[in-house]
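Shown here: target.cif, mmCIF, C-alpha atoms.
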data_model
loop_
_atom_site.group_PDB
_atom_site.id
_atom_site.type_symbol
_atom_site.label_atom_id
_atom_site.label_comp_id
_atom_site.auth_asym_id
_atom_site.auth_seq_id
_atom_site.Cartn_x
_atom_site.Cartn_y
_atom_site.Cartn_z
ATOM 1 C CA MET A 1 60.364 120.714 125.439
ATOM 2 C CA ARG A 2 57.431 122.649 124.036
ATOM 3 C CA THR A 3 54.147 120.953 123.331
ATOM 4 C CA LYS A 4 52.848 121.249 119.792
ATOM 5 C CA LEU A 5 49.124 121.508 119.262
ATOM 6 C CA GLU A 6 47.724 119.898 116.126
ATOM 7 C CA ILE A 7 44.084 120.582 115.312
ATOM 8 C CA ILE A 8 42.377 118.107 112.976
ATOM 9 C CA LEU A 9 39.200 119.318 111.305
ATOM 10 C CA PRO A 10 37.170 117.023 109.057
ATOM 11 C CA ALA A 11 35.247 118.983 106.434
ATOM 12 C CA HIS A 12 32.515 117.874 104.046
ATOM 13 C CA ASN A 13 30.792 120.573 101.962
ATOM 14 C CA GLU A 14 31.814 123.326 104.389
ATOM 15 C CA GLU A 15 32.962 126.046 101.997
ATOM 16 C CA GLY A 16 31.110 128.743 103.936
ATOM 17 C CA ASN A 17 32.664 127.749 107.250
ATOM 18 C CA ILE A 18 36.326 127.151 106.443
ATOM 19 C CA ARG A 19 37.493 130.751 106.820
ATOM 20 C CA ALA A 20 35.332 131.315 109.906
ATOM 21 C CA ILE A 21 36.738 128.319 111.803
ATOM 22 C CA TYR A 22 40.277 129.234 110.732
ATOM 23 C CA ASP A 23 39.806 132.790 112.020
ATOM 24 C CA GLU A 24 38.312 131.584 115.323
ATOM 25 C CA ILE A 25 41.146 129.131 115.933
ATOM 26 C CA ASN A 26 43.762 131.817 115.290
ATOM 27 C CA LEU A 27 41.935 134.300 117.493
ATOM 28 C CA THR A 28 41.637 131.784 120.327
ATOM 29 C CA LEU A 29 45.269 130.695 120.139
ATOM 30 C CA ALA A 30 46.744 134.161 119.587
ATOM 31 C CA SER A 31 47.437 134.578 123.293
ATOM 32 C CA THR A 32 49.240 131.242 123.659
ATOM 33 C CA THR A 33 52.868 130.465 123.038
ATOM 34 C CA TYR A 34 52.216 126.927 121.803
ATOM 35 C CA PRO A 35 53.202 126.230 118.223
ATOM 36 C CA TYR A 36 50.243 124.774 116.340
ATOM 37 C CA THR A 37 49.062 123.538 112.988
ATOM 38 C CA ILE A 38 45.577 123.243 111.559
ATOM 39 C CA LEU A 39 44.966 120.116 109.483
ATOM 40 C CA PHE A 40 41.821 120.145 107.387
ATOM 41 C CA VAL A 41 40.675 116.779 106.042
ATOM 42 C CA ASP A 42 38.440 117.320 103.028
ATOM 43 C CA ASP A 43 36.084 114.345 103.103
ATOM 44 C CA GLY A 44 35.118 114.231 99.426
ATOM 45 C CA SER A 45 33.377 117.609 99.281
ATOM 46 C CA LYS A 46 31.386 118.471 96.177
ATOM 47 C CA ASP A 47 31.483 122.245 96.745
ATOM 48 C CA GLN A 48 34.442 124.644 96.987
ATOM 49 C CA THR A 49 35.610 123.433 100.407
ATOM 50 C CA LEU A 50 38.943 122.168 99.121
ATOM 51 C CA SER A 51 39.697 125.384 97.192
ATOM 52 C CA LYS A 52 38.995 127.445 100.318
ATOM 53 C CA ILE A 53 41.353 125.223 102.301
ATOM 54 C CA LYS A 54 44.048 125.475 99.619
ATOM 55 C CA GLU A 55 43.744 129.272 99.630
ATOM 56 C CA LEU A 56 44.412 129.307 103.381
ATOM 57 C CA ALA A 57 47.293 126.840 103.027
ATOM 58 C CA ASN A 58 48.905 129.158 100.471
ATOM 59 C CA LEU A 59 48.594 132.106 102.862
ATOM 60 C CA ASP A 60 49.511 130.401 106.135
ATOM 61 C CA SER A 61 52.158 127.704 106.574
ATOM 62 C CA LYS A 62 50.347 126.455 109.698
ATOM 63 C CA VAL A 63 47.486 125.219 107.507
ATOM 64 C CA LYS A 64 47.816 121.730 106.033
ATOM 65 C CA TYR A 65 45.271 119.546 104.296
ATOM 66 C CA ILE A 66 44.451 116.037 103.201
ATOM 67 C CA GLU A 67 42.116 115.473 100.266
ATOM 68 C CA LEU A 68 40.096 112.257 100.395
ATOM 69 C CA SER A 69 38.912 110.869 97.047
ATOM 70 C CA ARG A 70 35.307 110.482 98.217
ATOM 71 C CA ASN A 71 33.182 110.849 101.330
ATOM 72 C CA PHE A 72 34.359 108.279 103.869
ATOM 73 C CA GLY A 73 32.513 109.760 106.860
ATOM 74 C CA HIS A 74 33.423 111.898 109.849
ATOM 75 C CA GLN A 75 35.257 109.260 111.900
ATOM 76 C CA ASN A 76 37.307 108.004 108.968
ATOM 77 C CA ALA A 77 38.280 111.571 108.082
ATOM 78 C CA ILE A 78 39.544 112.055 111.638
ATOM 79 C CA LYS A 79 41.477 108.769 111.408
ATOM 80 C CA ALA A 80 43.071 109.968 108.176
ATOM 81 C CA GLY A 81 44.143 113.124 109.972
ATOM 82 C CA LEU A 82 45.677 111.179 112.826
#
As a first step, turn the structure in this file into structure tokens.
Amino acid sequence: MRTKLEIILPAHNEEGNIRAIYDEINLTLASTTYPYTILFVDDGSKDQTLSKIKELANLDSKVKYIELSRNFGHQNAIKAGL
């Protein structure tokens, strides 16, 4: 049975970093054979973080997201992802 890697990333007002972290994760995992998904948890961002995440989700089926209605904090965003 193959292990599946699920990466949970809380994000709050991170529009400038979403693509960069996505690219780095893909680059790092390119040499592995593990199937993986990237789950972004938008923690009530006020900028374009969610739109950047949605753009990636439309391009790559490995990208998923959860949109929180307001900022609940880093730990609660991780809990939502779990």
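Applied to the shown file, the PyMOL selection byres ((chain A and resi 70) around 10) selects the residues His12, Asp42, Asp43, Gly44, Ser45, Lys46, Glu67, Leu68, Ser69, Asn71, Phe72 and Gly73 of chain A.
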Starting from the displayed file, determine the output of the PyMOL selection byres ((chain A and resi 22-31) around 12) and express the residue list as a count of residues only. 31
Using Å and a single decimal, report how far atom CA of A:Ala77 sits from atom CA of A:Leu50.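 For atom CA of A:Leu50 relative to atom CA of A:Ala77, the distance reads 13.9 Å.
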I'd like the neighbourhood of A:Ile78 as a PDB file with C-alpha atoms, keeping the file's coordinate frame, where a residue qualifies if any of its atoms comes within 8 Å (using all atoms listed in the file), though same-chain residues fewer than 2 positions away should be ignored.
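The file below, selection31.pdb, is the result:
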ATOM      1  CA  ILE A   8      42.377 118.107 112.976  1.00  0.00           C
ATOM      2  CA  LEU A   9      39.200 119.318 111.305  1.00  0.00           C
ATOM      3  CA  PRO A  10      37.170 117.023 109.057  1.00  0.00           C
ATOM      4  CA  VAL A  41      40.675 116.779 106.042  1.00  0.00           C
ATOM      5  CA  HIS A  74      33.423 111.898 109.849  1.00  0.00           C
ATOM      6  CA  GLN A  75      35.257 109.260 111.900  1.00  0.00           C
ATOM      7  CA  ASN A  76      37.307 108.004 108.968  1.00  0.00           C
ATOM      8  CA  ALA A  80      43.071 109.968 108.176  1.00  0.00           C
ATOM      9  CA  GLY A  81      44.143 113.124 109.972  1.00  0.00           C
ATOM     10  CA  LEU A  82      45.677 111.179 112.826  1.00  0.00           C
TER      11      LEU A  82
END
To test the calculation: enclose all listed atoms of stretch 45-63 of chain A in a box whose edges run along x, y and z, add 6 Å on each side, then state centre and edge lengths in Å to one decimal, as AutoDock Vina command-line options.
--center_x 41.8 --center_y 124.9 --center_z 102.9 --size_x 32.8 --size_y 26.5 --size_z 25.5
Fix up stretch 26-49 of chain A with N, CA, C and O atoms, then write it as a CSV table (one decimal), keeping the file's coordinate frame.
chain,number,residue,atom,x,y,z
A,26,ASN,N,42.6,130.9,115.1
A,26,ASN,CA,43.8,131.8,115.3
A,26,ASN,C,43.5,132.8,116.4
A,26,ASN,O,44.4,133.2,117.1
A,27,LEU,N,42.3,133.3,116.5
A,27,LEU,CA,41.9,134.3,117.5
A,27,LEU,C,42.1,133.7,118.9
A,27,LEU,O,42.6,134.3,119.8
A,28,THR,N,41.6,132.5,119.0
A,28,THR,CA,41.6,131.8,120.3
A,28,THR,C,43.1,131.5,120.7
A,28,THR,O,43.4,131.6,121.9
A,29,LEU,N,43.9,131.1,119.8
A,29,LEU,CA,45.3,130.7,120.1
A,29,LEU,C,46.3,131.8,120.1
A,29,LEU,O,47.5,131.6,120.4
A,30,ALA,N,45.8,133.0,119.7
A,30,ALA,CA,46.7,134.2,119.6
A,30,ALA,C,47.5,134.5,120.9
A,30,ALA,O,48.6,134.9,120.9
A,31,SER,N,46.8,134.2,122.0
A,31,SER,CA,47.4,134.6,123.3
A,31,SER,C,48.3,133.5,123.9
A,31,SER,O,48.8,133.6,125.0
A,32,THR,N,48.4,132.3,123.2
A,32,THR,CA,49.2,131.2,123.7
A,32,THR,C,50.6,131.3,123.0
A,32,THR,O,50.8,132.0,122.0
A,33,THR,N,51.5,130.6,123.6
A,33,THR,CA,52.9,130.5,123.0
A,33,THR,C,53.1,129.1,122.4
A,33,THR,O,54.2,128.8,121.9
A,34,TYR,N,52.1,128.3,122.4
A,34,TYR,CA,52.2,126.9,121.8
A,34,TYR,C,52.3,127.0,120.3
A,34,TYR,O,51.4,127.7,119.7
A,35,PRO,N,53.2,126.3,119.7
A,35,PRO,CA,53.2,126.2,118.2
A,35,PRO,C,52.1,125.3,117.8
A,35,PRO,O,51.8,124.3,118.5
A,36,TYR,N,51.4,125.6,116.7
A,36,TYR,CA,50.2,124.8,116.3
A,36,TYR,C,50.1,124.7,114.8
A,36,TYR,O,50.6,125.6,114.1
A,37,THR,N,49.4,123.7,114.4
A,37,THR,CA,49.1,123.5,113.0
A,37,THR,C,47.6,123.2,112.9
A,37,THR,O,47.0,122.7,113.9
A,38,ILE,N,47.0,123.5,111.8
A,38,ILE,CA,45.6,123.2,111.6
A,38,ILE,C,45.5,122.3,110.4
A,38,ILE,O,46.0,122.7,109.3
A,39,LEU,N,45.1,121.1,110.6
A,39,LEU,CA,45.0,120.1,109.5
A,39,LEU,C,43.5,119.9,109.1
A,39,LEU,O,42.7,119.4,109.9
A,40,PHE,N,43.2,120.4,107.9
A,40,PHE,CA,41.8,120.1,107.4
A,40,PHE,C,41.8,118.8,106.6
A,40,PHE,O,42.8,118.6,105.8
A,41,VAL,N,40.8,118.0,106.8
A,41,VAL,CA,40.7,116.8,106.0
A,41,VAL,C,39.4,116.9,105.2
A,41,VAL,O,38.3,116.9,105.7
A,42,ASP,N,39.6,117.2,103.9
A,42,ASP,CA,38.4,117.3,103.0
A,42,ASP,C,37.9,115.9,102.7
A,42,ASP,O,38.6,115.1,102.1
A,43,ASP,N,36.7,115.7,103.2
A,43,ASP,CA,36.1,114.3,103.1
A,43,ASP,C,35.2,114.2,101.9
A,43,ASP,O,34.0,114.0,101.9
A,44,GLY,N,35.8,114.4,100.7
A,44,GLY,CA,35.1,114.2,99.4
A,44,GLY,C,34.1,115.3,99.1
A,44,GLY,O,33.0,115.0,98.6
A,45,SER,N,34.4,116.5,99.5
A,45,SER,CA,33.4,117.6,99.3
A,45,SER,C,33.1,117.8,97.8
A,45,SER,O,33.9,117.6,96.9
A,46,LYS,N,31.8,118.2,97.5
A,46,LYS,CA,31.4,118.5,96.2
A,46,LYS,C,31.3,120.0,95.9
A,46,LYS,O,31.1,120.4,94.8
A,47,ASP,N,31.5,120.8,96.9
A,47,ASP,CA,31.5,122.2,96.7
A,47,ASP,C,32.9,122.8,96.7
A,47,ASP,O,33.8,122.1,96.3
A,48,GLN,N,33.1,124.0,97.1
A,48,GLN,CA,34.4,124.6,97.0
A,48,GLN,C,35.2,124.5,98.3
A,48,GLN,O,36.2,125.3,98.5
A,49,THR,N,34.9,123.6,99.1
A,49,THR,CA,35.6,123.4,100.4
A,49,THR,C,37.1,123.3,100.2
A,49,THR,O,37.9,124.0,100.8
